[in-house]
Amino acid sequence: MDTMRDRFVPVASRLLDEDPRVAVVLAVIGSDSFEEARRRHPDRVIDVGIREQLLVGAGAGLALTGMRPIVHTFASFLVERPFEQVKLDLGHQDVGAVLVSAAASFDWPAGGYTHMAPGDVALLDTLDGWTVHVPGHPDEAETLLRHAVGAGDDKVYVRLSVQSNAAGRPVDGARFVTVREGRSGVVVAVGPMLDAVLDATEGLDLTVLYATTVRPFDTDSLRRATEAAGTDVVIVEPYLAGTSTAAANDTLADVPHRVLGLGVGRRELRRYGSLEEHVTAHGLDAGSLRERITGFVGR
């Protein structure tokens with residue numbers, strides 16, 4: 001199966017063909033993959049070199065002229081390193097772009113901590129007006145990328161990952177999907193965490209919601225789920241643990257509730273290891289999730 005990033009390149013290339021407003025802005029990473037698209041659209045495939053602050057600034061400049069830029073590199077170089085430009089060039093100037101990341105929290109452990117970004121969504125949470133998509137399968141990545149490019153002049157972040165669920169599901173760029181219904185609690189599985197959550201909760205009387213768009217947070221779906229399943233809520237995210245607990249707490253502020261946020265821990269793992277070893281070390285494998293979820297909802 002191709003990865004989300006494998007799917008991104010041909011979809012973005014087709015979007016260049018279909019929409020004269022679309023431009024792709026790169027900072028070396030991924031540039032070779034767009035060579036054919038660059039030959040067809042030399043003025044709309046732009047490589048700024050290893051200059052991540054310029055990457056975002058150039059995208060904002062294109063947006064100011066009415067273009068719809070797709071800005072792409074690794075998450076740590078797209079959100080963290082040029083955060084001032086994300087905040088000012090896009091946010092303060094009130095222009096939109098589609099930021100598409102790769103490498104996720106720890107997709108390429110051999111690259112070291114410079115190439116990891118478990119705090120990217122939490123960092124964007126400090127800014128106003130961002131839509132955040134976290135697909136869990138290449139098919140969903142294609143749908144959400146097209147949705148993002150077509151979303152007027154909105155500021156959108158699409159978080160691509162090597163981790164993937166076995167099958168894609170219908171997603172609409174807004175609502176959570178109810179995958180399983182129960183009466184003893186609600187588990188929200190974000191993007192590529194769904195398969196592990198389904199394995200972890202097999203045979204348990206729990207509702208499982210699937211979230212591929214986490215900002216804006218789908219308060220209506222969570223409210224409906226808790227009305228039937230109770231107000232013990234577990235959120236399993238493929239990035240910094242607790243990133244969405246405040247959103248869930250705000251959703252349920254008028255009723256007694258408990259929220260547990262599971263995800264990537266704050267402690268830096270200084271051995272490179274493999275992706276699977278990082279998943280296990282952060283307790284995001286099915287066995288660890290089952291232990292942590294049952295320990296919470298069973299109280």
# chains A, B, ... in the order shown; residues from 1 in each chain; ligands from 1

$ residues_around --residues "Pro256 of chain A" --least-positions-apart "2" --cutoff "12 Å" --atoms "only C-alpha atoms" --output "PDB file with N, CA and C atoms, in the first residue's frame"
ATOM      1  N   THR A 226     -21.744  10.921  24.294  1.00  0.00           N
ATOM      2  CA  THR A 226     -21.739  10.822  25.760  1.00  0.00           C
ATOM      3  C   THR A 226     -23.147  10.730  26.332  1.00  0.00           C
ATOM      4  N   GLU A 227     -24.128  11.233  25.620  1.00  0.00           N
ATOM      5  CA  GLU A 227     -25.513  11.107  26.109  1.00  0.00           C
ATOM      6  C   GLU A 227     -25.932   9.650  26.192  1.00  0.00           C
ATOM      7  N   GLY A 230     -22.264   7.716  28.397  1.00  0.00           N
ATOM      8  CA  GLY A 230     -21.688   8.248  29.623  1.00  0.00           C
ATOM      9  C   GLY A 230     -20.552   9.202  29.339  1.00  0.00           C
ATOM     10  N   THR A 231     -20.119   9.899  30.370  1.00  0.00           N
ATOM     11  CA  THR A 231     -19.188  11.015  30.190  1.00  0.00           C
ATOM     12  C   THR A 231     -17.761  10.698  30.627  1.00  0.00           C
ATOM     13  N   ASP A 232     -17.371   9.427  30.617  1.00  0.00           N
ATOM     14  CA  ASP A 232     -15.961   9.062  30.688  1.00  0.00           C
ATOM     15  C   ASP A 232     -15.426   9.063  29.260  1.00  0.00           C
ATOM     16  N   VAL A 233     -14.445   9.923  28.987  1.00  0.00           N
ATOM     17  CA  VAL A 233     -13.954  10.107  27.617  1.00  0.00           C
ATOM     18  C   VAL A 233     -12.443   9.881  27.584  1.00  0.00           C
ATOM     19  N   ASN A 249     -13.058  18.890  27.471  1.00  0.00           N
ATOM     20  CA  ASN A 249     -13.546  19.465  28.727  1.00  0.00           C
ATOM     21  C   ASN A 249     -14.496  20.631  28.480  1.00  0.00           C
ATOM     22  N   ASP A 250     -14.176  21.475  27.525  1.00  0.00           N
ATOM     23  CA  ASP A 250     -15.069  22.593  27.196  1.00  0.00           C
ATOM     24  C   ASP A 250     -16.402  22.080  26.663  1.00  0.00           C
ATOM     25  N   THR A 251     -16.358  21.015  25.860  1.00  0.00           N
ATOM     26  CA  THR A 251     -17.581  20.445  25.296  1.00  0.00           C
ATOM     27  C   THR A 251     -18.524  19.965  26.392  1.00  0.00           C
ATOM     28  N   LEU A 252     -17.958  19.397  27.459  1.00  0.00           N
ATOM     29  CA  LEU A 252     -18.763  18.779  28.520  1.00  0.00           C
ATOM     30  C   LEU A 252     -18.758  19.601  29.801  1.00  0.00           C
ATOM     31  N   ALA A 253     -18.507  20.890  29.689  1.00  0.00           N
ATOM     32  CA  ALA A 253     -18.342  21.733  30.879  1.00  0.00           C
ATOM     33  C   ALA A 253     -19.589  21.795  31.752  1.00  0.00           C
ATOM     34  N   ASP A 254     -20.753  21.553  31.179  1.00  0.00           N
ATOM     35  CA  ASP A 254     -21.996  21.690  31.949  1.00  0.00           C
ATOM     36  C   ASP A 254     -22.449  20.389  32.597  1.00  0.00           C
ATOM     37  N   ARG A 258     -15.172  13.003  33.031  1.00  0.00           N
ATOM     38  CA  ARG A 258     -13.744  12.774  33.177  1.00  0.00           C
ATOM     39  C   ARG A 258     -13.139  12.574  31.789  1.00  0.00           C
ATOM     40  N   VAL A 259     -11.931  13.091  31.594  1.00  0.00           N
ATOM     41  CA  VAL A 259     -11.259  12.975  30.301  1.00  0.00           C
ATOM     42  C   VAL A 259      -9.834  12.486  30.516  1.00  0.00           C
TER      43      VAL A 259
END

$ residues_around --residues "Ala37 of chain A" --least-positions-apart "2" --cutoff "10 Å" --atoms "only C-alpha atoms" --output "tab-separated table (two decimals) with N, CA and C atoms, in the first residue's frame"
chain	number	residue	atom	x	y	z
A	9	VAL	N	1.71	13.48	-3.60
A	9	VAL	CA	2.38	14.06	-4.77
A	9	VAL	C	1.50	14.01	-6.02
A	10	PRO	N	0.94	12.86	-6.41
A	10	PRO	CA	0.09	12.87	-7.61
A	10	PRO	C	-1.19	13.68	-7.44
A	12	ALA	N	-1.59	16.42	-5.50
A	12	ALA	CA	-1.22	17.83	-5.60
A	12	ALA	C	-0.88	18.20	-7.04
A	13	SER	N	-0.25	17.27	-7.77
A	13	SER	CA	0.08	17.53	-9.17
A	13	SER	C	-1.19	17.68	-10.01
A	14	ARG	N	-2.19	16.83	-9.74
A	14	ARG	CA	-3.46	16.97	-10.47
A	14	ARG	C	-4.16	18.28	-10.10
A	16	LEU	N	-2.72	21.04	-9.42
A	16	LEU	CA	-2.06	22.08	-10.23
A	16	LEU	C	-2.64	22.13	-11.63
A	17	ASP	N	-2.96	20.95	-12.20
A	17	ASP	CA	-3.54	20.90	-13.54
A	17	ASP	C	-4.97	21.44	-13.55
A	24	VAL	N	2.45	24.98	-5.51
A	24	VAL	CA	3.12	24.11	-4.54
A	24	VAL	C	4.45	24.75	-4.17
A	32	ASP	N	12.14	16.64	-5.75
A	32	ASP	CA	12.34	15.72	-6.89
A	32	ASP	C	11.03	15.07	-7.33
A	33	SER	N	10.14	14.82	-6.37
A	33	SER	CA	8.88	14.15	-6.69
A	33	SER	C	7.97	15.01	-7.55
A	34	PHE	N	8.21	16.33	-7.53
A	34	PHE	CA	7.36	17.25	-8.30
A	34	PHE	C	8.03	17.69	-9.60
A	35	GLU	N	9.06	16.95	-10.06
A	35	GLU	CA	9.78	17.38	-11.25
A	35	GLU	C	8.87	17.41	-12.48
A	39	ARG	N	7.68	20.76	-14.73
A	39	ARG	CA	7.81	20.95	-16.18
A	39	ARG	C	6.51	21.49	-16.78
A	40	ARG	N	5.38	21.03	-16.26
A	40	ARG	CA	4.10	21.52	-16.78
A	40	ARG	C	3.74	22.90	-16.24
A	41	HIS	N	4.16	23.18	-15.02
A	41	HIS	CA	3.78	24.45	-14.36
A	41	HIS	C	5.01	25.08	-13.71
A	42	PRO	N	5.96	25.54	-14.49
A	42	PRO	CA	7.22	26.05	-13.93
A	42	PRO	C	7.05	27.26	-13.03
A	44	ARG	N	4.47	27.65	-10.98
A	44	ARG	CA	3.63	27.35	-9.82
A	44	ARG	C	4.15	26.18	-8.97
A	45	VAL	N	5.33	25.68	-9.27
A	45	VAL	CA	6.03	24.74	-8.40
A	45	VAL	C	7.33	25.42	-8.01

$ closest_residue --among "A:Val71, A:Val297, A:Ala248, A:Val22" --to "Arg183 of chain A" --atoms "only C-alpha atoms"
A:Val297

$ residues_around --residues "Asp19 of chain A" --least-positions-apart "5" --cutoff "10 Å" --atoms "only C-alpha atoms" --output "list of chain:residue names"
A:Arg14, A:Met67, A:Arg68, A:Val149, A:Gly150

$ residues_around --residues "Asp154 of chain A" --least-positions-apart "4" --cutoff "9 Å" --atoms "only C-alpha atoms" --output "list of chain:residue names"
A:Val95, A:Gly96, A:Ala97, A:Val98, A:Gly129, A:Trp130, A:Thr131, A:Ala148, A:Val149

$ residues_around --residues "Arg51 of chain A" --least-positions-apart "4" --cutoff "12 Å" --atoms "only C-alpha atoms" --output "VMD selection string"
chain A and resid 25 to 29 47 55 to 58 73 77 to 78 81 to 82 85

$ write_last_selection --atoms "N, CA and C atoms" --output "PDB file, in the first residue's frame"
ATOM      1  N   VAL A  25       4.667  24.962  -2.877  1.00  0.00           N
ATOM      2  CA  VAL A  25       5.881  25.606  -2.386  1.00  0.00           C
ATOM      3  C   VAL A  25       6.649  24.594  -1.537  1.00  0.00           C
ATOM      4  N   LEU A  26       7.926  24.390  -1.867  1.00  0.00           N
ATOM      5  CA  LEU A  26       8.744  23.361  -1.239  1.00  0.00           C
ATOM      6  C   LEU A  26      10.047  23.966  -0.716  1.00  0.00           C
ATOM      7  N   ALA A  27      10.682  23.213   0.179  1.00  0.00           N
ATOM      8  CA  ALA A  27      11.997  23.614   0.693  1.00  0.00           C
ATOM      9  C   ALA A  27      12.928  22.406   0.561  1.00  0.00           C
ATOM     10  N   VAL A  28      13.232  22.043  -0.672  1.00  0.00           N
ATOM     11  CA  VAL A  28      14.091  20.928  -1.060  1.00  0.00           C
ATOM     12  C   VAL A  28      13.411  19.567  -0.823  1.00  0.00           C
ATOM     13  N   ILE A  29      12.932  19.337   0.406  1.00  0.00           N
ATOM     14  CA  ILE A  29      12.313  18.052   0.719  1.00  0.00           C
ATOM     15  C   ILE A  29      11.093  17.839  -0.175  1.00  0.00           C
ATOM     16  N   ASP A  47      10.603  25.936  -5.393  1.00  0.00           N
ATOM     17  CA  ASP A  47      11.494  25.391  -4.369  1.00  0.00           C
ATOM     18  C   ASP A  47      12.354  26.541  -3.848  1.00  0.00           C
ATOM     19  N   LEU A  55       9.931  29.591   3.198  1.00  0.00           N
ATOM     20  CA  LEU A  55       8.907  28.685   2.679  1.00  0.00           C
ATOM     21  C   LEU A  55       7.509  29.184   3.034  1.00  0.00           C
ATOM     22  N   VAL A  56       7.299  29.472   4.314  1.00  0.00           N
ATOM     23  CA  VAL A  56       5.985  29.941   4.753  1.00  0.00           C
ATOM     24  C   VAL A  56       5.739  31.365   4.279  1.00  0.00           C
ATOM     25  N   GLY A  57       6.755  32.202   4.330  1.00  0.00           N
ATOM     26  CA  GLY A  57       6.595  33.576   3.859  1.00  0.00           C
ATOM     27  C   GLY A  57       6.238  33.643   2.388  1.00  0.00           C
ATOM     28  N   ALA A  58       6.869  32.803   1.568  1.00  0.00           N
ATOM     29  CA  ALA A  58       6.555  32.780   0.139  1.00  0.00           C
ATOM     30  C   ALA A  58       5.127  32.294  -0.080  1.00  0.00           C
ATOM     31  N   THR A  73       6.646  20.355   3.722  1.00  0.00           N
ATOM     32  CA  THR A  73       7.912  19.810   4.177  1.00  0.00           C
ATOM     33  C   THR A  73       7.636  18.981   5.426  1.00  0.00           C
ATOM     34  N   PHE A  77       9.825  21.198  10.343  1.00  0.00           N
ATOM     35  CA  PHE A  77      10.302  22.336   9.557  1.00  0.00           C
ATOM     36  C   PHE A  77       9.160  23.205   9.035  1.00  0.00           C
ATOM     37  N   LEU A  78       7.935  22.725   9.168  1.00  0.00           N
ATOM     38  CA  LEU A  78       6.774  23.429   8.622  1.00  0.00           C
ATOM     39  C   LEU A  78       6.023  24.209   9.697  1.00  0.00           C
ATOM     40  N   ARG A  81       9.847  25.231  13.190  1.00  0.00           N
ATOM     41  CA  ARG A  81      10.955  26.140  12.851  1.00  0.00           C
ATOM     42  C   ARG A  81      10.445  27.495  12.351  1.00  0.00           C
ATOM     43  N   PRO A  82       9.454  27.561  11.466  1.00  0.00           N
ATOM     44  CA  PRO A  82       8.981  28.863  10.991  1.00  0.00           C
ATOM     45  C   PRO A  82       7.701  29.320  11.707  1.00  0.00           C
ATOM     46  N   GLN A  85       6.545  32.862  11.279  1.00  0.00           N
ATOM     47  CA  GLN A  85       5.956  33.185   9.976  1.00  0.00           C
ATOM     48  C   GLN A  85       4.531  32.630   9.864  1.00  0.00           C
TER      49      GLN A  85
END

$ decode --residues "segment 79-157 of chain A" --atoms "C-alpha atoms" --output "short mmCIF file (atom, residue, chain, number, x, y, z; two decimals), in the first residue's frame"
data_model
loop_
_atom_site.label_atom_id
_atom_site.label_comp_id
_atom_site.auth_asym_id
_atom_site.auth_seq_id
_atom_site.Cartn_x
_atom_site.Cartn_y
_atom_site.Cartn_z
CA VAL A 79 5.20 24.28 11.99
CA GLU A 80 7.97 24.52 14.57
CA ARG A 81 10.96 26.14 12.85
CA PRO A 82 8.98 28.86 10.99
CA PHE A 83 6.31 29.31 13.67
CA GLU A 84 6.75 33.09 13.69
CA GLN A 85 5.96 33.18 9.98
CA VAL A 86 2.93 30.91 10.45
CA LYS A 87 1.73 33.26 13.19
CA LEU A 88 2.42 36.56 11.39
CA ASP A 89 2.67 36.02 7.63
CA LEU A 90 -0.46 33.86 7.53
CA GLY A 91 -2.35 34.58 10.75
CA HIS A 92 -1.70 38.29 11.30
CA GLN A 93 -2.10 39.09 7.60
CA ASP A 94 -5.30 37.00 7.59
CA VAL A 95 -4.47 34.97 4.50
CA GLY A 96 -4.88 31.25 4.00
CA ALA A 97 -2.69 28.39 2.87
CA VAL A 98 -2.67 24.60 3.00
CA LEU A 99 0.26 23.39 5.08
CA VAL A 100 0.92 19.70 4.36
CA SER A 101 3.43 18.00 6.62
CA ALA A 102 5.27 14.69 6.56
CA ALA A 103 7.23 12.71 9.19
CA ALA A 104 4.50 13.21 11.84
CA SER A 105 5.60 12.62 15.44
CA PHE A 106 8.35 10.07 14.81
CA ASP A 107 7.89 8.53 11.34
CA TRP A 108 11.63 8.69 10.68
CA PRO A 109 13.37 7.97 13.99
CA ALA A 110 16.77 7.67 12.30
CA GLY A 111 16.58 11.41 11.60
CA GLY A 112 16.66 12.13 15.32
CA TYR A 113 14.64 14.63 17.32
CA THR A 114 15.19 17.40 14.74
CA HIS A 115 12.87 15.44 12.44
CA MET A 116 10.15 14.71 15.00
CA ALA A 117 7.19 16.97 15.80
CA PRO A 118 4.83 15.54 18.44
CA GLY A 119 3.90 19.08 19.50
CA ASP A 120 2.80 20.45 16.12
CA VAL A 121 -0.98 20.38 16.65
CA ALA A 122 -0.63 21.73 20.19
CA LEU A 123 1.47 24.60 18.83
CA LEU A 124 -1.12 25.47 16.18
CA ASP A 125 -3.70 25.46 18.99
CA THR A 126 -2.11 28.68 20.25
CA LEU A 127 -3.29 30.41 17.06
CA ASP A 128 -6.79 31.33 15.92
CA GLY A 129 -8.74 29.96 13.01
CA TRP A 130 -6.81 26.86 11.92
CA THR A 131 -8.45 23.76 10.53
CA VAL A 132 -6.44 20.61 11.29
CA HIS A 133 -6.90 17.34 9.37
CA VAL A 134 -5.24 14.11 10.59
CA PRO A 135 -6.00 11.40 8.02
CA GLY A 136 -5.58 7.77 9.00
CA HIS A 137 -5.25 6.29 5.50
CA PRO A 138 -4.00 7.45 2.06
CA ASP A 139 -7.56 7.53 0.69
CA GLU A 140 -8.56 9.89 3.51
CA ALA A 141 -5.44 11.98 2.90
CA GLU A 142 -6.52 12.50 -0.72
CA THR A 143 -10.07 13.45 0.29
CA LEU A 144 -8.92 15.84 3.01
CA LEU A 145 -6.26 17.46 0.81
CA ARG A 146 -8.84 18.19 -1.87
CA HIS A 147 -11.20 19.48 0.81
CA ALA A 148 -8.45 21.74 2.18
CA VAL A 149 -7.51 23.21 -1.20
CA GLY A 150 -11.16 23.87 -1.94
CA ALA A 151 -11.80 25.55 1.42
CA GLY A 152 -11.75 29.13 0.14
CA ASP A 153 -8.94 31.04 1.80
CA ASP A 154 -8.92 29.13 5.08
CA LYS A 155 -5.77 28.28 7.01
CA VAL A 156 -5.53 24.47 6.93
CA TYR A 157 -2.98 21.98 8.26
#
